[in-house]
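Structure data (compact mmCIF, C-alpha atoms) from run09.txt:
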# COMPACT_ATOMS: atom_id res chain seq x y z
CA MET A 148 0.00 0.00 0.00
CA GLY A 149 1.32 3.45 -0.89
CA LYS A 150 2.21 5.99 1.77
CA LYS A 151 -0.76 8.07 2.88
CA ALA A 152 -0.61 11.81 2.39
CA GLU A 153 0.79 13.71 5.37
CA TYR A 154 -2.27 15.99 5.39
CA GLY A 155 -4.58 13.06 6.22
CA GLN A 156 -8.24 13.29 5.26
CA GLY A 157 -7.93 16.98 4.49
CA HIS A 158 -8.42 20.50 5.77
CA PRO A 159 -11.86 21.15 7.34
CA ILE A 160 -12.72 23.65 4.59
CA PHE A 161 -11.88 21.03 1.98
CA LEU A 162 -13.93 18.35 3.74
CA GLU A 163 -16.93 20.70 3.79
CA TYR A 164 -16.41 21.38 0.08
CA ALA A 165 -16.22 17.63 -0.64
CA GLU A 166 -19.58 17.04 1.05
CA GLN A 167 -21.13 19.87 -0.97
CA ILE A 168 -19.77 18.42 -4.21
CA ILE A 169 -21.15 14.92 -3.68
CA GLN A 170 -24.56 16.42 -2.86
CA HIS A 171 -24.58 18.55 -6.02
CA LYS A 172 -26.81 17.37 -8.86
CA GLU A 173 -23.95 17.40 -11.40
CA TYR A 174 -22.11 14.58 -9.59
CA GLN A 175 -25.04 12.29 -8.91
CA GLY A 176 -24.38 8.66 -9.80
CA MET A 177 -20.61 8.87 -9.24
CA PRO A 178 -19.45 5.25 -8.69
CA ASP A 179 -17.92 4.05 -5.42
CA LEU A 180 -18.68 7.30 -3.65
CA ARG A 181 -17.69 6.23 -0.14
CA TYR A 182 -15.46 3.78 1.63
CA PRO A 183 -17.10 1.19 3.92
CA ASP A 184 -16.37 3.43 6.93
CA GLY A 185 -18.34 6.29 5.38
CA ARG A 186 -15.45 8.48 4.24
CA ILE A 187 -15.70 10.01 0.78
CA GLN A 188 -13.52 8.22 -1.74
CA TRP A 189 -12.13 11.40 -3.28
CA GLU A 190 -9.09 9.90 -5.00
CA ALA A 191 -9.41 6.97 -7.40
CA PRO A 192 -5.91 6.39 -8.86
CA SER A 193 -5.48 4.24 -11.95
CA ASN A 194 -2.64 2.18 -10.48
CA ARG A 195 -4.60 0.22 -7.88
CA LYS A 196 -3.74 -3.44 -8.28
CA SER A 197 -6.16 -5.09 -5.83
CA GLY A 198 -9.05 -4.57 -3.42
CA ILE A 199 -12.74 -3.90 -3.84
CA PHE A 200 -12.04 -0.48 -5.38
CA LYS A 201 -9.44 -1.70 -7.86
CA ASP A 202 -11.64 -0.73 -10.82
CA THR A 203 -13.04 2.53 -9.44
CA ASN A 204 -10.95 4.61 -11.83
CA ILE A 205 -12.37 2.75 -14.84
CA LYS A 206 -15.93 2.99 -13.49
CA ARG A 207 -15.55 6.71 -13.00
CA ARG A 208 -14.10 7.21 -16.46
CA LYS A 209 -17.30 5.61 -17.81
CA TRP A 210 -19.30 8.03 -15.64
CA TRP A 211 -17.35 10.97 -17.07
CA GLU A 212 -17.99 9.70 -20.60
CA GLN A 213 -21.73 9.63 -19.98
CA LYS A 214 -21.61 13.06 -18.35
CA ALA A 215 -19.71 14.45 -21.34
CA ILE A 216 -22.30 13.08 -23.76
CA SER A 217 -25.13 14.52 -21.66
CA ILE A 218 -23.72 18.06 -22.01
CA GLY A 219 -22.83 17.75 -25.67
CA ILE A 220 -19.13 16.89 -25.51
CA ASP A 221 -17.80 14.08 -27.71
CA PRO A 222 -15.71 11.66 -25.57
CA SER A 223 -13.45 11.04 -28.57
CA SER A 224 -12.58 14.74 -28.90
CA ASN A 225 -9.41 16.36 -27.61
CA GLN A 226 -9.29 17.02 -23.86
CA TRP A 227 -12.93 16.03 -23.55
CA ILE A 228 -12.68 14.91 -19.96
CA SER A 229 -11.04 18.07 -18.60
CA LYS A 230 -13.50 20.21 -20.57
CA THR A 231 -16.34 18.28 -18.97
CA ALA A 232 -14.91 18.77 -15.48
CA LYS A 233 -14.66 22.52 -16.05
CA LEU A 234 -18.15 22.87 -17.49
CA ILE A 235 -19.98 21.00 -14.74
CA HIS A 236 -18.13 22.43 -11.74
CA PRO A 237 -20.66 24.58 -9.87
CA THR A 238 -18.32 27.45 -8.87
CA MET A 239 -14.91 26.94 -10.55
CA ARG A 240 -13.41 27.65 -7.15
CA LYS A 241 -11.94 24.97 -4.89
CA PRO A 242 -10.17 24.82 -1.52
CA CYS A 243 -6.81 23.09 -1.25
CA LYS A 244 -7.01 19.75 0.51
CA LYS A 245 -3.91 20.50 2.57
CA CYS A 246 -4.21 24.15 3.61
CA GLY A 247 -7.81 25.06 2.75
CA ARG A 248 -6.88 28.03 0.55
CA ILE A 249 -9.63 28.67 -2.00
CA MET A 250 -8.38 29.26 -5.54
CA ASP A 251 -9.88 29.93 -8.95
CA LEU A 252 -9.85 26.80 -11.12
CA ARG A 253 -9.58 28.91 -14.27
CA TYR A 254 -6.25 30.09 -15.70
CA SER A 255 -5.96 33.05 -13.34
CA TYR A 256 -2.50 33.09 -11.74
CA PRO A 257 0.75 34.54 -13.16
CA THR A 258 3.33 32.12 -14.51
CA LYS A 259 7.07 32.65 -14.27
CA ASN A 260 7.09 34.04 -17.80
CA LEU A 261 4.49 36.69 -17.00
CA ILE A 262 6.34 37.63 -13.83
CA LYS A 263 9.54 38.01 -15.87
CA ARG A 264 7.74 40.28 -18.33
CA ILE A 265 6.46 42.47 -15.51
CA ARG A 266 9.92 42.65 -13.93
CA LYS A 267 11.37 43.84 -17.24
CA LEU A 268 9.11 46.90 -17.34
CA PRO A 269 11.46 49.87 -16.82
CA TYR A 270 9.32 51.47 -14.12
CA VAL A 271 8.74 48.32 -12.03
CA ASP A 272 11.27 48.09 -9.20
CA GLU A 273 11.98 45.52 -6.50
CA SER A 274 9.58 47.21 -4.11
CA PHE A 275 6.68 45.84 -6.15
CA GLU A 276 6.05 42.35 -4.79
CA ILE A 277 4.68 39.69 -7.12
CA ASP A 278 3.15 36.49 -5.76
CA SER A 279 2.48 33.65 -8.19
CA LEU A 280 -0.63 32.85 -6.14
CA GLU A 281 -2.15 36.31 -6.56
CA HIS A 282 -5.11 36.42 -8.93
CA ILE A 283 -4.33 38.21 -12.19
CA LEU A 284 -7.19 40.70 -11.65
CA LYS A 285 -5.75 41.80 -8.32
CA LEU A 286 -2.23 41.92 -9.76
CA ILE A 287 -3.22 44.16 -12.68
CA LYS A 288 -5.17 46.44 -10.35
CA ARG A 289 -2.14 46.84 -8.07
CA LEU A 290 0.10 47.56 -11.04
CA VAL A 291 -2.16 50.36 -12.22
CA LEU A 292 -2.63 51.81 -8.75
CA GLN A 293 1.12 51.92 -8.14
CA TYR A 294 2.44 52.95 -11.57
CA GLY A 295 -0.46 54.74 -13.18
CA ASP A 296 -1.75 54.98 -16.75
CA LYS A 297 1.51 53.90 -18.40
CA VAL A 298 0.65 50.32 -17.41
CA TYR A 299 -2.25 50.33 -19.89
CA ASP A 300 0.14 50.83 -22.82
CA ASP A 301 2.16 47.79 -21.72
CA LEU A 302 -0.73 45.39 -21.04
CA PRO A 303 -0.84 44.06 -24.64
CA LYS A 304 2.89 43.33 -24.46
CA LEU A 305 2.50 41.61 -21.09
CA LEU A 306 -0.49 39.45 -21.98
CA THR A 307 0.09 38.41 -25.59
CA CYS A 308 0.67 34.67 -26.13
CA LYS A 309 -0.14 31.91 -28.60
CA ALA A 310 -3.71 31.51 -27.36
CA VAL A 311 -4.41 35.27 -27.45
CA LYS A 312 -2.26 36.96 -30.07
CA ASN A 313 -4.32 40.10 -30.62
CA ILE A 314 -4.78 42.10 -27.43
CA PRO A 315 -7.22 44.97 -27.93
CA ARG A 316 -6.42 48.57 -27.04
CA LEU A 317 -9.01 49.31 -24.37
CA GLY A 318 -7.86 52.74 -23.30
CA ASN A 319 -7.07 53.83 -19.77
CA ASP A 320 -10.10 52.42 -18.00
CA LEU A 321 -9.28 49.84 -15.34
CA ASP A 322 -12.75 48.29 -15.14
CA THR A 323 -12.84 47.76 -18.92
CA TRP A 324 -9.50 45.95 -18.83
CA LEU A 325 -10.46 43.82 -15.83
CA ASN A 326 -13.76 42.84 -17.43
CA TRP A 327 -11.99 41.84 -20.67
CA ILE A 328 -9.36 39.81 -18.81
CA ASP A 329 -12.03 38.05 -16.77
CA SER A 330 -14.46 37.33 -19.61
CA VAL A 331 -12.15 36.83 -22.62
CA TYR A 332 -8.51 36.38 -21.65
CA ILE A 333 -8.85 33.93 -18.74
CA PRO A 334 -11.33 31.61 -20.56
CA SER A 335 -8.80 31.37 -23.43
CA GLU A 336 -6.46 29.54 -21.01
CA PRO A 337 -3.40 31.63 -21.94
CA SER A 338 0.10 30.31 -21.29
CA MET A 339 0.87 33.47 -19.29
CA LEU A 340 -1.49 32.21 -16.58
CA SER A 341 -1.97 28.94 -14.73
CA PRO A 342 -5.03 27.43 -13.01
CA GLY A 343 -5.46 27.25 -9.26
CA ALA A 344 -5.60 23.46 -9.59
CA MET A 345 -4.99 21.22 -12.58
CA ALA A 346 -7.80 19.17 -14.05
CA ASN A 347 -7.46 15.54 -13.00
CA PRO A 348 -10.50 13.42 -13.90
CA PRO A 349 -11.28 10.59 -13.37
CA ASP A 350 -8.61 10.30 -10.66
CA ARG A 351 -10.29 12.97 -8.51
CA LEU A 352 -14.00 13.01 -7.79
CA ASP A 353 -14.62 16.63 -8.79
CA GLY A 354 -12.19 16.37 -11.71
CA PHE A 355 -9.44 18.54 -10.19
CA HIS A 356 -6.24 17.81 -8.33
CA SER A 357 -6.75 17.65 -4.56
CA LEU A 358 -3.87 20.03 -3.94
CA ASN A 359 -4.08 23.58 -5.25
CA GLU A 360 -1.02 25.34 -6.65
CA CYS A 361 -0.36 26.78 -3.20
CA CYS A 362 0.69 23.37 -1.88
CA ARG A 363 1.27 21.06 -4.81
CA SER A 364 4.92 21.93 -5.40
CA HIS A 365 5.96 20.93 -1.87
CA ALA A 366 3.23 18.56 -0.63
CA ASP A 367 3.05 16.42 -3.78
CA ARG A 368 6.28 14.43 -4.03
CA GLY A 369 5.80 14.02 -7.77
CA ARG A 370 5.95 17.81 -8.14
CA TRP A 371 9.13 18.35 -6.11
CA GLU A 372 11.59 20.26 -8.23
CA LYS A 373 14.25 17.57 -8.09
CA ASN A 374 11.68 14.96 -9.19
CA LEU A 375 10.33 17.14 -11.98
CA ARG A 376 13.88 17.55 -13.28
CA SER A 377 14.27 13.77 -13.35
CA PHE A 378 11.22 13.17 -15.56
CA THR A 379 13.03 14.05 -18.78
CA THR A 380 16.01 11.91 -17.80
CA ASP A 381 13.75 9.01 -16.94
CA ARG A 382 11.88 9.30 -20.24
CA ARG A 383 15.10 9.26 -22.24
CA ALA A 384 16.22 6.26 -20.21
CA PHE A 385 13.31 4.29 -21.65
CA GLU A 386 15.04 4.45 -25.03
CA TYR A 387 17.88 2.36 -23.63
CA TRP A 388 15.40 -0.30 -22.55
CA VAL A 389 13.54 -0.62 -25.82
CA ASP A 390 14.45 -2.06 -29.19
CA GLY A 391 14.32 -0.20 -32.47
CA ASP A 392 16.22 1.88 -34.96
CA TRP A 393 17.22 4.73 -32.67
CA VAL A 394 19.23 6.60 -35.28
CA ALA A 395 16.43 6.70 -37.86
CA ALA A 396 13.76 7.44 -35.25
CA ASP A 397 15.73 10.28 -33.63
CA LYS A 398 16.53 11.72 -37.05
CA LEU A 399 12.84 11.77 -37.99
CA MET A 400 11.92 13.35 -34.64
CA GLY A 401 14.47 16.07 -35.28
CA LEU A 402 13.05 16.66 -38.75
CA ILE A 403 9.53 17.01 -37.36
CA ARG A 404 10.82 19.47 -34.79
CA THR A 405 12.75 21.68 -37.21
CA ASN A 406 11.22 21.39 -40.70
CA GLU A 407 9.29 24.56 -41.53
CA GLN A 408 6.80 22.75 -43.78
CA ILE A 409 6.01 20.12 -41.16
CA LYS A 410 5.51 22.89 -38.60
CA LYS A 411 2.55 24.07 -40.66
CA GLU A 412 0.81 20.69 -40.43
CA THR A 413 -2.24 20.52 -38.18
CA CYS A 414 -2.79 18.18 -35.24
CA LEU A 415 -4.27 14.72 -35.85
CA ASN A 416 -7.00 15.61 -33.35
CA ASP A 417 -9.58 18.09 -34.63
CA ASN A 418 -7.04 19.86 -36.88
CA HIS A 419 -5.62 21.93 -34.03
CA PRO A 420 -3.01 24.39 -35.33
CA GLY A 421 0.67 23.45 -35.20
CA PRO A 422 3.50 23.32 -34.68
CA CYS A 423 3.08 19.69 -33.72
CA SER A 424 5.37 17.27 -31.98
CA ALA A 425 6.18 13.64 -32.77
CA ASP A 426 4.00 11.19 -30.86
CA HIS A 427 4.99 7.51 -30.59
CA ILE A 428 1.90 5.53 -31.61
CA GLY A 429 3.18 2.82 -29.30
CA PRO A 430 4.65 4.66 -26.25
CA ILE A 431 8.27 3.72 -25.64
CA SER A 432 7.61 4.19 -21.92
CA LEU A 433 5.34 1.13 -22.14
CA GLY A 434 7.95 -0.93 -23.94
CA PHE A 435 7.15 -0.36 -27.59
CA VAL A 436 9.90 -0.18 -30.19
CA HIS A 437 11.47 3.22 -30.94
CA ARG A 438 10.47 3.19 -34.61
CA PRO A 439 10.82 5.93 -37.24
CA GLU A 440 7.05 6.37 -37.44
CA PHE A 441 5.08 9.00 -35.55
CA GLN A 442 1.77 10.79 -35.57
CA LEU A 443 1.59 14.57 -35.35
CA LEU A 444 -0.07 15.95 -32.22
CA CYS A 445 -0.09 19.50 -30.93
CA ASN A 446 1.63 20.01 -27.61
CA SER A 447 -1.58 20.02 -25.57
CA CYS A 448 -2.88 16.82 -27.21
CA ASN A 449 0.48 15.07 -26.83
CA SER A 450 0.68 16.06 -23.19
CA ALA A 451 -2.91 14.95 -22.53
CA LYS A 452 -2.35 11.59 -24.21
CA ASN A 453 0.77 10.87 -22.15
CA ASN A 454 1.46 7.10 -22.32
CA ARG A 455 -2.14 6.05 -22.86
CA MET A 456 -3.11 4.25 -26.06
CA THR A 457 -6.35 4.54 -27.97
CA PHE A 458 -8.16 1.77 -29.80
CA SER A 459 -6.91 3.17 -33.12
CA ASP A 460 -3.33 3.13 -31.79
CA VAL A 461 -3.59 -0.56 -30.94
CA GLN A 462 -5.12 -1.37 -34.32
CA HIS A 463 -2.36 0.54 -36.09
CA LEU A 464 0.33 -1.37 -34.20
CA ILE A 465 -1.31 -4.71 -34.97
CA ASN A 466 -1.47 -3.78 -38.67
CA ALA A 467 2.20 -2.81 -38.58
CA GLU A 468 3.02 -6.24 -37.17
CA ASN A 469 0.95 -7.89 -39.87
CA ASN A 470 3.14 -6.06 -42.39
CA GLY A 471 6.26 -7.58 -40.87
CA GLU A 472 7.34 -4.82 -38.49
CA GLU A 473 8.43 -5.37 -34.91
CA VAL A 474 6.51 -3.06 -32.57
CA ALA A 475 6.97 -4.51 -29.08
CA SER A 476 10.30 -4.66 -27.26
CA TRP A 477 11.63 -7.63 -25.40
CA TYR A 478 10.20 -6.90 -21.96
CA CYS A 479 6.63 -6.13 -23.05
CA LYS A 480 6.25 -8.44 -26.06
CA HIS A 481 4.91 -11.41 -24.10
CA ILE A 482 2.06 -9.37 -22.59
CA TRP A 483 1.42 -7.46 -25.81
CA ASP A 484 1.03 -10.70 -27.74
CA LEU A 485 -1.17 -12.11 -25.00
CA ARG A 486 -3.60 -9.18 -24.75
CA LYS A 487 -3.54 -7.07 -27.95
CA HIS A 488 -6.46 -8.87 -29.61
CA ASP A 489 -8.62 -8.34 -26.50
CA VAL A 490 -8.74 -4.61 -27.23
CA LYS A 491 -12.13 -3.78 -28.77
CA ASN A 492 -12.55 -0.11 -27.79
CA ASN A 493 -10.82 2.86 -26.14
CA GLU A 494 -11.59 1.59 -22.65
CA ASN A 495 -9.84 -1.73 -23.41
CA ALA A 496 -6.91 0.24 -24.82
CA LEU A 497 -6.62 2.20 -21.57
CA ARG A 498 -6.67 -1.03 -19.58
CA LEU A 499 -3.91 -2.49 -21.73
CA SER A 500 -1.90 0.72 -21.28
CA LYS A 501 -2.23 0.33 -17.51
CA ILE A 502 -1.19 -3.33 -17.65
CA LEU A 503 1.89 -2.44 -19.70
CA ARG A 504 2.72 0.41 -17.32
CA ASP A 505 2.54 -2.00 -14.37
CA ASN A 506 4.68 -4.40 -16.36
CA ARG A 507 7.29 -1.67 -16.85
CA HIS A 508 7.45 -1.13 -13.09
CA THR A 509 7.91 -4.87 -12.66
CA ALA A 510 10.65 -4.92 -15.29
CA MET A 511 12.52 -2.05 -13.68
CA PHE A 512 12.23 -3.68 -10.28
CA HIS A 513 13.67 -7.00 -11.37
CA PRO A 514 17.24 -6.08 -12.44
CA ALA A 515 18.36 -6.41 -8.82
CA ARG A 516 16.90 -9.91 -8.68
CA TYR A 517 17.56 -10.92 -12.28
CA PRO A 518 20.76 -9.15 -13.37
CA ASN A 519 21.15 -11.45 -16.37
CA ARG A 520 19.19 -9.74 -19.15
CA ILE A 521 19.57 -12.81 -21.34
CA LEU A 522 17.32 -14.68 -18.91
CA TRP A 523 14.69 -11.98 -19.36
CA ARG A 524 14.78 -12.17 -23.14
CA HIS A 525 14.35 -15.93 -23.23
CA HIS A 526 11.91 -16.35 -20.31
CA PRO A 527 9.85 -13.15 -19.94
CA GLN A 528 6.77 -15.15 -19.06
CA SER A 529 8.46 -16.45 -15.91
CA ILE A 530 9.02 -12.91 -14.67
CA PHE A 531 5.92 -11.08 -15.85
CA HIS A 532 3.25 -13.77 -15.64
CA ARG A 533 1.24 -11.98 -12.94
CA THR A 534 0.83 -8.83 -14.99
CA GLY A 535 -0.12 -10.81 -18.05
CA ASN A 536 -2.90 -12.53 -16.15
CA CYS A 537 -4.74 -9.21 -15.70
CA THR A 538 -7.98 -9.02 -17.67
CA ILE A 539 -8.86 -6.35 -20.19
Can you present the structure in this file as structure tokens?
Amino acid sequence: MGKKAEYGQGHPIFLEYAEQIIQHKEYQGMPDLRYPDGRIQWEAPSNRKSGIFKDTNIKRRKWWEQKAISIGIDPSSNQWISKTAKLIHPTMRKPCKKCGRIMDLRYSYPTKNLIKRIRKLPYVDESFEIDSLEHILKLIKRLVLQYGDKVYDDLPKLLTCKAVKNIPRLGNDLDTWLNWIDSVYIPSEPSMLSPGAMANPPDRLDGFHSLNECCRSHADRGRWEKNLRSFTTDRRAFEYWVDGDWVAADKLMGLIRTNEQIKKETCLNDNHPGPCSADHIGPISLGFVHRPEFQLLCNSCNSAKNNRMTFSDVQHLINAENNGEEVASWYCKHIWDLRKHDVKNNENALRLSKILRDNRHTAMFHPARYPNRILWRHHPQSIFHRTGNCTI
């Protein structure tokens, strides 16, 4: 069993919020709402391997799919589940589970890049304090109150980004600017701002991370700076575990990243504008071969997909195998061969992704016990048989 969070069941303000959420009409029918002792089952992680709530994450994903359909969102569309969470939330404000601080769930708080832009303004000195947890509306108001009308001329330069390239000239009226930022700029989810809590359905009951930005960087071990820095290293390390033509694959990835014509290509999902990045159809972090074949996804779609496969991904990989290509590396091939034909829809594909992710953890655990990699290659079933017995 994993280590319980140091903040226990949660701050009293959060616990009150949780009770209000489960009573709200938008969340009626949520599966596995409470533990046997009556506590709300707020978190439903996808990596549970046993127990009566092992499949809660999958049950709740089905609930979110039905909720999305009921409000007119296509569950096959890009970021459908986070869009659903944002649309049904009754207030778009949530207290932090650890400290109880209530924050806006919209993109409302200055990022490091915005803070840097403000610091570069010639009239802003060190006496002007900037807190990354201060709402953008309050921050802009303070800027104007301290430095006067010249701030209005610089607001377009401060706020422009990929999501909002054309900032209007709204004159020297503070209320007009604040209304535009609140009603137009924030809903555009600009990269200059960040949300008070990241969307996280179906893992969290209300669809948002339990910890707000005020506490996530130090209370969530996965968000510690030293761990965040290791993510890129860890991902690259997967390449040394998997088979494939690394030279050709890396060369193609570089071409996708630098070629001006490819940069103009739109995303595979809903024709989102580029530039796009190279997405492994079979994630190398799950053990698939590092092949010189990718699909183009915009950064947001690629990030949202992570190492989860879709039904079409699995079908594409099977077709590639039928054409004589090798798609699965040595440590996942046994399970891939055992379960690939069980995948009939996106839900099955997610289950297989989870099984392969668990298998990767098993594989990375076993070097200390099985240092001879040759044994692994010739007898993978003896090492990974438990994971392969999971049902899809």
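Shortest atom-to-atom contact with A:Gly176 among A:Ile431, A:Ile160, A:Ile249, A:Leu352: A:Leu352, counting all atoms listed in the file.
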For this session: Could you jot down the atom CA of A:Ile283 to atom CA of A:Arg253 separation for me, Å, one decimal place?
Result: 10.9 Å
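Computed from the coordinates, the atom CA of A:Asp184 to atom CA of A:His171 distance equals 21.5 Å.
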Name all residues at most 10 Å from A:Asp353 (count only C-alpha atoms; drop same-chain ones fewer than 5 positions away) and give them as a PDB file with C-alpha atoms, keeping the file's coordinate frame.
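Okay, selection_20.pdb is ready:
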ATOM      1  CA  ALA A 165     -16.220  17.630  -0.640  1.00  0.00           C
ATOM      2  CA  ILE A 168     -19.770  18.420  -4.210  1.00  0.00           C
ATOM      3  CA  ILE A 169     -21.150  14.920  -3.680  1.00  0.00           C
ATOM      4  CA  GLU A 173     -23.950  17.400 -11.400  1.00  0.00           C
ATOM      5  CA  TYR A 174     -22.110  14.580  -9.590  1.00  0.00           C
ATOM      6  CA  MET A 177     -20.610   8.870  -9.240  1.00  0.00           C
ATOM      7  CA  TRP A 189     -12.130  11.400  -3.280  1.00  0.00           C
ATOM      8  CA  GLU A 190      -9.090   9.900  -5.000  1.00  0.00           C
ATOM      9  CA  ALA A 232     -14.910  18.770 -15.480  1.00  0.00           C
ATOM     10  CA  LYS A 233     -14.660  22.520 -16.050  1.00  0.00           C
ATOM     11  CA  ILE A 235     -19.980  21.000 -14.740  1.00  0.00           C
ATOM     12  CA  HIS A 236     -18.130  22.430 -11.740  1.00  0.00           C
ATOM     13  CA  LYS A 241     -11.940  24.970  -4.890  1.00  0.00           C
ATOM     14  CA  ALA A 346      -7.800  19.170 -14.050  1.00  0.00           C
ATOM     15  CA  ASN A 347      -7.460  15.540 -13.000  1.00  0.00           C
ATOM     16  CA  PRO A 348     -10.500  13.420 -13.900  1.00  0.00           C
TER      17      PRO A 348
END
For this session: Compile the contact shell of stretch 260-264 of chain A as a PyMOL selection string: residues with an atom at most 12 Å away, counting all atoms listed in the file, same-chain residues fewer than 4 positions apart removed.
Result: chain A and resi 255-256+268-269+271+275-281+283+286-287+301-308+337-341
For this session: In Å, rounded to a single decimal, give me how far atom CA of A:Gln293 is from atom CA of A:Arg240.
Result: 28.3 Å
For this session: Please identify all polymer residues within 6 Å of A:Ile333, counting all atoms listed in the file, omitting same-chain residues fewer than 4 positions from it, and present them as a ChimeraX atom specification.
Result: /A:254,328-329
Exercise. Looking at A:Gly429, A:Pro422, A:Gly157, A:Gly185, which one is nearest to A:Ala496, with distances taken over only C-alpha atoms?
Worked result: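 When distances to A:Ala496 are compared using only C-alpha atoms, the smallest one comes from A:Gly429.
If you count only C-alpha atoms and ignore residues fewer than 3 places along the chain from A:Tyr182, what sits within 12 Å of it is Pro178, Asp179, Gly185, Arg186, Ile187, Gln188, Trp189, Glu190, Ala191, Gly198, Ile199, Phe200 and Thr203 of chain A.
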For this session: Would you be able to write out as a ChimeraX atom specification which residues have an atom within 8 Å of (6.9, 5.0, -22.0) in the file's coordinates, counting all atoms listed in the file?
Result: /A:382,385,430-435,454,504
Problem set entry | Among listed residues A:Lys196, A:Gly354, A:His427, A:Cys479, nearest A:Asn506 (using all atoms listed in the file) |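 Under the stated criterion, the closest residue is A:Cys479.
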Exercise. What would the list of residues within 8 Å of (-8.8, 26.7, -5.7) (file frame) look like as JSON, numbers by chain, if all atoms listed in the file are what count?
Worked result: {"A": [239, 240, 241, 242, 243, 248, 249, 250, 251, 252, 343, 344, 359, 360]}
For this session: Rank A:His463, A:Phe458, A:Lys285, A:Val474 by their smallest atom-to-atom distance to A:Asp489, using all atoms listed in the file, and report the top residue only.
Result: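 Answer, going by the shortest atom-to-atom distance: A:Phe458.
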Problem set entry | Shell around A:Pro349 at 10 Å using all atoms listed in the file, local window under 5 positions removed, as a ChimeraX atom specification | /A:190-193,203-212,228-229,232,354-355
